[in-house]
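Accompanying notes for the structure given below.
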Amino acid sequence: MDNKIINVTKPLIPPLDEFISYLEKIWSSGILTNKGPFHEELERSLEKYLNVRHISLFSSGTTALLVSLYALKIKGEVITTPYSFVATANSILWAGAKPVFVDIDPLTKNIDPEKIQQAITSKTTAILPVHCYGYSCDVSKIKKIAKNNNLKVIYDAAPAFGVTDSGGSILRHGDLSILSFHATKIFNTIEGGAIISPSMKMKKKVDQLRNFGFENETTITEPGINGKMSELHAAFGLLQLKYIDESISQRKKLSDLYRYRLKGIKGILLDDDSELINGNYSYFPILINEEFPFSRDDLYRKLKEENIYARRYFFPLISETVMYKSMASSSSKNLPVANRIANQIICLPLSSDLDEKSINRIVKVLVKMAKS
């Protein structure tokens, strides 16, 4: 009986022999960081691949978020979602601002624009939405709200690599957008991230903040930080780009197989893929509701017993963590949809090298429990 471990995800790792050739060039050049040739090549290559104009690479997505908030001089209150990885809200705190949580849309799991409007006060300076699971926020409504209230918009697009809408890349929206290239993302540089700027003027500012605030060799005009991406990470990213389309295509096939095998099982709710178009298949989330014979946590534990490591993304809500739970906006009455979904959600394993046999094994556990 096959009982090998199946993790919720597995990094896309290119062939080692191909990476060695990049390392040999780095060793030969002696350049390890500070905008080396691979760093510059990756910025240009990503701009072309993602169809955006101004990318700045960073050592992490969290660092990119911090610099974005500083670059736009964000203080006061920032309206955001509780349904995300904790780095979203933590970055607001580190910037010296206050996160204000609002509820989410039950379909997309993204921030609900109507709730944004209701939460705006005289202290609100910005909106920080997240493209949850790689599905686009309602960018047109958010843009209108921001314009009418003179607010900045920073999109946490950490899981949204390659996602598009009818006008092109969703990374073009907002005053700034950030990406994460962490090993768990569909495109990774092991650790890394990026800021997408709307203009060269803003990119220059972001690049300066990324490098301690240096304007030139001897002039420092901003209290910047060290957020640079190394040559080794950039080289890994360049190699990743060769395989990313194949990886996303495989993820789609596996997601379609999940949908086929799980469709119609009582108590298991799947996202409506006719509504959620242009995703990148970063995750495969399902909801376990009251019609399922067992709770979501019962399912989570049973899968773990079978060496299948699903994850409850996102549970607990950010608003339930120690740093935030005392805030007024963290009240469960303020976040009924987010709280319900956080207690029903489970993301099943999905990676480009997952095979049909493994999916059948995962589905078998769900079907057996559904029939109990």
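Residues in the structure tokens are numbered from 1 in each chain, the chains being A, B, ... in the order shown, and ligands are numbered from 1 in the order shown.
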
Interface rows for stretch 114-213 of chain A against stretch 328-332 of chain A: nearest pair, Å to one decimal, 12 Å, only C-alpha atoms, as JSON lines:
```
{"residue": "A:Lys115", "atom": "CA", "partner": "A:Ser329", "partner_atom": "CA", "distance": 11.3}
{"residue": "A:Ile116", "atom": "CA", "partner": "A:Ser329", "partner_atom": "CA", "distance": 11.8}
{"residue": "A:Gln118", "atom": "CA", "partner": "A:Ser329", "partner_atom": "CA", "distance": 11.8}
{"residue": "A:Ala119", "atom": "CA", "partner": "A:Ser329", "partner_atom": "CA", "distance": 9.0}
{"residue": "A:Ile120", "atom": "CA", "partner": "A:Ser329", "partner_atom": "CA", "distance": 11.9}
```

Rows by chain and residue number, stretch 63-142 of chain A within 7 Å of stretch 195-214 of chain A, shortest pair, only C-alpha atoms, as a tab-separated table:
```
residue	atom	partner	partner_atom	distance
A:Ala64	CA	A:Ile195	CA	5.9
A:Val67	CA	A:Leu209	CA	6.8
A:Ala71	CA	A:Val206	CA	6.6
```

Using C-alpha atoms, can you write the selected residues to a file as a CSV table (one decimal), in the first residue's frame?
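Listed below is the output, part.csv:
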```
chain,number,residue,atom,x,y,z
A,64,ALA,CA,8.6,44.4,-0.9
A,67,VAL,CA,9.1,49.2,1.0
A,71,ALA,CA,7.5,54.6,-0.7
```

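Take the candidates A:Leu179, A:Leu350, A:Ile26, A:Ile268 and check each one against A:Ile308 using only C-alpha atoms; the shortest distance goes to A:Leu350.
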
Practice prompt. Going by DSSP on the backbone, which bits of stretch 117-206 of chain A are alpha helix (DSSP H)? Write them as a ChimeraX atom specification, please.
Written response: /A:117-119,139-149,200-206

Worksheet item: Which residues come within 8 Å of stretch 280-291 of chain A, counting only C-alpha atoms, excluding same-chain residues fewer than 4 positions away, as a VMD selection string?
Response: chain A and resid 133 to 135 159 to 163 185 to 186 248 251 to 252 255 266 to 271 295 to 296 341 344 to 350

Worksheet entry | Nearby residues (only C-alpha atoms) at most 12 Å from A:Lys368, same-chain spacing under 3 positions excluded, as JSON, numbers by chain | {"A": [262, 265, 266, 292, 293, 294, 299, 302, 303, 360, 361, 362, 363, 364, 365, 371, 372]}

Filtering to N, CA, C and O atoms, could you give me those residues as an mmCIF file, in the first residue's frame?
```cif
data_model
loop_
_atom_site.group_PDB
_atom_site.id
_atom_site.type_symbol
_atom_site.label_atom_id
_atom_site.label_comp_id
_atom_site.auth_asym_id
_atom_site.auth_seq_id
_atom_site.Cartn_x
_atom_site.Cartn_y
_atom_site.Cartn_z
ATOM 1 N N LEU A 262 -14.291 15.197 -7.506
ATOM 2 C CA LEU A 262 -14.970 15.678 -6.297
ATOM 3 C C LEU A 262 -16.354 16.264 -6.557
ATOM 4 O O LEU A 262 -17.126 16.475 -5.616
ATOM 5 N N ILE A 265 -20.022 15.634 -4.577
ATOM 6 C CA ILE A 265 -19.928 15.015 -3.252
ATOM 7 C C ILE A 265 -20.572 15.950 -2.235
ATOM 8 O O ILE A 265 -20.183 17.107 -2.104
ATOM 9 N N LYS A 266 -21.542 15.440 -1.526
ATOM 10 C CA LYS A 266 -22.300 16.251 -0.586
ATOM 11 C C LYS A 266 -21.407 16.777 0.529
ATOM 12 O O LYS A 266 -20.648 16.028 1.143
ATOM 13 N N PHE A 292 -21.359 17.699 5.159
ATOM 14 C CA PHE A 292 -20.337 16.658 5.212
ATOM 15 C C PHE A 292 -20.430 15.963 6.569
ATOM 16 O O PHE A 292 -20.631 16.628 7.592
ATOM 17 N N PRO A 293 -20.306 14.642 6.623
ATOM 18 C CA PRO A 293 -20.493 13.917 7.894
ATOM 19 C C PRO A 293 -19.474 14.261 8.978
ATOM 20 O O PRO A 293 -19.697 13.973 10.152
ATOM 21 N N PHE A 294 -18.357 14.860 8.576
ATOM 22 C CA PHE A 294 -17.302 15.190 9.531
ATOM 23 C C PHE A 294 -16.937 16.666 9.392
ATOM 24 O O PHE A 294 -17.207 17.296 8.374
ATOM 25 N N LEU A 299 -11.474 16.055 8.895
ATOM 26 C CA LEU A 299 -10.897 15.702 7.597
ATOM 27 C C LEU A 299 -9.404 15.993 7.579
ATOM 28 O O LEU A 299 -8.603 15.159 7.114
ATOM 29 N N LYS A 302 -7.631 13.319 9.509
ATOM 30 C CA LYS A 302 -7.659 12.032 8.813
ATOM 31 C C LYS A 302 -6.672 12.016 7.651
ATOM 32 O O LYS A 302 -5.956 11.016 7.456
ATOM 33 N N LEU A 303 -6.618 13.092 6.897
ATOM 34 C CA LEU A 303 -5.643 13.170 5.811
ATOM 35 C C LEU A 303 -4.223 13.051 6.352
ATOM 36 O O LEU A 303 -3.381 12.354 5.782
ATOM 37 N N ASN A 360 -5.840 10.406 -6.791
ATOM 38 C CA ASN A 360 -6.813 9.337 -6.518
ATOM 39 C C ASN A 360 -6.765 8.907 -5.054
ATOM 40 O O ASN A 360 -7.798 8.624 -4.436
ATOM 41 N N ARG A 361 -5.564 8.858 -4.509
ATOM 42 C CA ARG A 361 -5.397 8.485 -3.102
ATOM 43 C C ARG A 361 -6.023 9.534 -2.181
ATOM 44 O O ARG A 361 -6.680 9.194 -1.183
ATOM 45 N N ILE A 362 -5.832 10.799 -2.506
ATOM 46 C CA ILE A 362 -6.410 11.885 -1.710
ATOM 47 C C ILE A 362 -7.931 11.860 -1.788
ATOM 48 O O ILE A 362 -8.627 11.918 -0.771
ATOM 49 N N VAL A 363 -8.441 11.750 -3.006
ATOM 50 C CA VAL A 363 -9.887 11.764 -3.224
ATOM 51 C C VAL A 363 -10.545 10.572 -2.534
ATOM 52 O O VAL A 363 -11.656 10.680 -1.994
ATOM 53 N N LYS A 364 -9.861 9.445 -2.524
ATOM 54 C CA LYS A 364 -10.398 8.242 -1.896
ATOM 55 C C LYS A 364 -10.728 8.481 -0.426
ATOM 56 O O LYS A 364 -11.760 8.010 0.083
ATOM 57 N N VAL A 365 -9.868 9.236 0.266
ATOM 58 C CA VAL A 365 -10.112 9.540 1.679
ATOM 59 C C VAL A 365 -11.368 10.393 1.813
ATOM 60 O O VAL A 365 -12.226 10.135 2.679
ATOM 61 N N LYS A 371 -19.108 9.127 2.682
ATOM 62 C CA LYS A 371 -20.078 8.025 2.695
ATOM 63 C C LYS A 371 -20.266 7.415 4.088
ATOM 64 O O LYS A 371 -21.076 6.488 4.261
ATOM 65 N N SER A 372 -19.502 7.886 5.042
ATOM 66 C CA SER A 372 -19.558 7.318 6.400
ATOM 67 C C SER A 372 -20.846 7.709 7.121
ATOM 68 O O SER A 372 -21.406 8.764 6.882
#
```

Practice prompt. Going by DSSP on the backbone, which bits of stretch 82-300 of chain A are strand (DSSP E or B)? Write them as number ranges by chain, please.
Written response: A: 98-101, 104, 111, 124-128, 130, 152-156, 164-165, 168-169, 176-180, 193-197, 211, 214, 220, 226, 268-270, 284-288

Worksheet item: Residues at most 9 Å from A:Ser136, counting only C-alpha atoms, excluding those fewer than 3 positions away in the same chain, as a ChimeraX atom specification?
Response: /A:108,110,130-133,139,157,160,163-165,170,276-279

Go ahead and save the picked residues with C-alpha atoms, as an mmCIF file, in the first residue's frame.
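Output file part_2.cif is given in full below:
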```cif
data_model
loop_
_atom_site.group_PDB
_atom_site.id
_atom_site.type_symbol
_atom_site.label_atom_id
_atom_site.label_comp_id
_atom_site.auth_asym_id
_atom_site.auth_seq_id
_atom_site.Cartn_x
_atom_site.Cartn_y
_atom_site.Cartn_z
ATOM 1 C CA THR A 108 -13.524 34.839 -4.464
ATOM 2 C CA ASN A 110 -11.096 38.520 -1.721
ATOM 3 C CA VAL A 130 -4.911 40.582 -1.578
ATOM 4 C CA HIS A 131 -5.510 38.600 -4.762
ATOM 5 C CA CYS A 132 -6.377 35.506 -2.712
ATOM 6 C CA TYR A 133 -5.378 32.142 -4.225
ATOM 7 C CA VAL A 139 -10.092 46.034 -9.138
ATOM 8 C CA ALA A 157 -0.397 39.981 -5.313
ATOM 9 C CA ALA A 160 -0.933 36.026 -8.367
ATOM 10 C CA VAL A 163 -2.701 36.160 -13.536
ATOM 11 C CA THR A 164 -4.468 38.346 -16.100
ATOM 12 C CA ASP A 165 -7.774 40.074 -16.668
ATOM 13 C CA ILE A 170 -3.519 42.294 -12.874
ATOM 14 C CA LEU A 276 -13.060 32.382 -11.335
ATOM 15 C CA ILE A 277 -11.260 32.666 -14.656
ATOM 16 C CA ASN A 278 -7.660 33.586 -15.379
ATOM 17 C CA GLY A 279 -6.261 32.021 -12.218
#
```

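For stretch 81-95 of chain A, the list of residues within 7 Å, based on only C-alpha atoms and with local chain neighbours fewer than 2 positions off taken out, reads Thr62, Leu65, Leu66, Leu69, Tyr70, Ala97, Lys98, Pro99, Phe101, Val102, Asp103, Ile111, Pro129, Phe314, Leu317, Ile318, Ser319 and Ala338 of chain A.
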
For the selection you just gave me, I'd like the residues written to a file as a compact mmCIF listing (two decimals), in the first residue's frame, keeping C-alpha atoms.
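The file below, part34.txt, is the result:
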```txt
# COMPACT_ATOMS: atom_id res chain seq x y z
CA THR A 62 7.38 40.89 2.83
CA LEU A 65 5.41 45.14 1.03
CA LEU A 66 7.32 47.16 3.61
CA LEU A 69 4.14 51.20 2.21
CA TYR A 70 7.12 53.44 2.90
CA ALA A 97 0.13 52.32 10.33
CA LYS A 98 -2.95 50.54 11.67
CA PRO A 99 -4.65 47.67 9.81
CA PHE A 101 -10.04 44.52 8.72
CA VAL A 102 -13.15 44.19 6.59
CA ASP A 103 -15.03 41.13 5.43
CA ILE A 111 -11.84 41.75 0.14
CA PRO A 129 -6.21 44.10 -0.87
CA PHE A 314 -6.21 30.66 5.91
CA LEU A 317 -7.69 34.53 10.48
CA ILE A 318 -5.08 37.25 10.96
CA SER A 319 -7.71 39.01 13.07
CA ALA A 338 -14.24 35.40 6.73
```

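With only C-alpha atoms as the basis for measurement, A:Thr9 is the residue among A:Ser249, A:Thr9, A:Asn149, A:Ser326 that approaches A:Thr184 most closely.
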
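In terms of minimum interatomic distance to A:Glu246, A:Phe187 ranks closest within A:Phe187, A:Ile154, A:His173, A:Val337, counting only C-alpha atoms.
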
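Across A:Asp175, A:Glu215, A:Glu305, A:Glu231, the tightest approach to A:Gly192 is made by A:Glu231 when counting only C-alpha atoms.
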
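If you count only C-alpha atoms and ignore residues fewer than 3 places along the chain from A:Lys123, what sits within 9 Å of it is Lys75, Gly76, Glu77, Val78 and Ile120 of chain A.
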
Those residues with all heavy atoms, as an mmCIF file, in the first residue's frame please?
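Written file, result02.cif:
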```cif
data_model
loop_
_atom_site.group_PDB
_atom_site.id
_atom_site.type_symbol
_atom_site.label_atom_id
_atom_site.label_comp_id
_atom_site.auth_asym_id
_atom_site.auth_seq_id
_atom_site.Cartn_x
_atom_site.Cartn_y
_atom_site.Cartn_z
ATOM 1 N N LYS A 75 0.547 56.090 6.362
ATOM 2 C CA LYS A 75 0.364 56.124 7.817
ATOM 3 C C LYS A 75 -1.132 56.002 8.086
ATOM 4 O O LYS A 75 -1.911 55.690 7.201
ATOM 5 C CB LYS A 75 0.931 57.422 8.401
ATOM 6 C CG LYS A 75 2.435 57.590 8.205
ATOM 7 C CD LYS A 75 3.227 56.528 8.956
ATOM 8 C CE LYS A 75 4.730 56.715 8.763
ATOM 9 N NZ LYS A 75 5.515 55.648 9.437
ATOM 10 N N GLY A 76 -1.546 56.261 9.319
ATOM 11 C CA GLY A 76 -2.971 56.234 9.628
ATOM 12 C C GLY A 76 -3.547 54.837 9.533
ATOM 13 O O GLY A 76 -2.916 53.859 9.933
ATOM 14 N N GLU A 77 -4.757 54.724 8.981
ATOM 15 C CA GLU A 77 -5.452 53.444 8.883
ATOM 16 C C GLU A 77 -5.375 52.883 7.464
ATOM 17 O O GLU A 77 -5.547 53.615 6.492
ATOM 18 C CB GLU A 77 -6.919 53.612 9.291
ATOM 19 C CG GLU A 77 -7.102 53.997 10.747
ATOM 20 C CD GLU A 77 -8.553 54.186 11.144
ATOM 21 O OE1 GLU A 77 -9.431 54.186 10.238
ATOM 22 O OE2 GLU A 77 -8.818 54.309 12.352
ATOM 23 N N VAL A 78 -5.131 51.587 7.385
ATOM 24 C CA VAL A 78 -5.067 50.893 6.104
ATOM 25 C C VAL A 78 -6.105 49.780 6.108
ATOM 26 O O VAL A 78 -6.040 48.861 6.934
ATOM 27 C CB VAL A 78 -3.658 50.303 5.854
ATOM 28 C CG1 VAL A 78 -3.633 49.571 4.512
ATOM 29 C CG2 VAL A 78 -2.605 51.404 5.895
ATOM 30 N N ILE A 120 -14.258 53.284 5.714
ATOM 31 C CA ILE A 120 -13.441 54.485 5.516
ATOM 32 C C ILE A 120 -13.759 55.542 6.574
ATOM 33 O O ILE A 120 -14.924 55.841 6.846
ATOM 34 C CB ILE A 120 -13.654 55.059 4.104
ATOM 35 C CG1 ILE A 120 -13.122 54.073 3.050
ATOM 36 C CG2 ILE A 120 -12.949 56.408 3.950
ATOM 37 C CD1 ILE A 120 -13.442 54.460 1.632
#
```

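Considering only C-alpha atoms, the residue among A:Glu356, A:Glu24, A:Glu40, A:Glu47 positioned nearest to A:Leu171 is A:Glu47.
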
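In terms of minimum interatomic distance to A:Leu46, A:Gln240 ranks closest within A:Gln240, A:Gln117, A:Asn148, A:Thr33, counting only C-alpha atoms.
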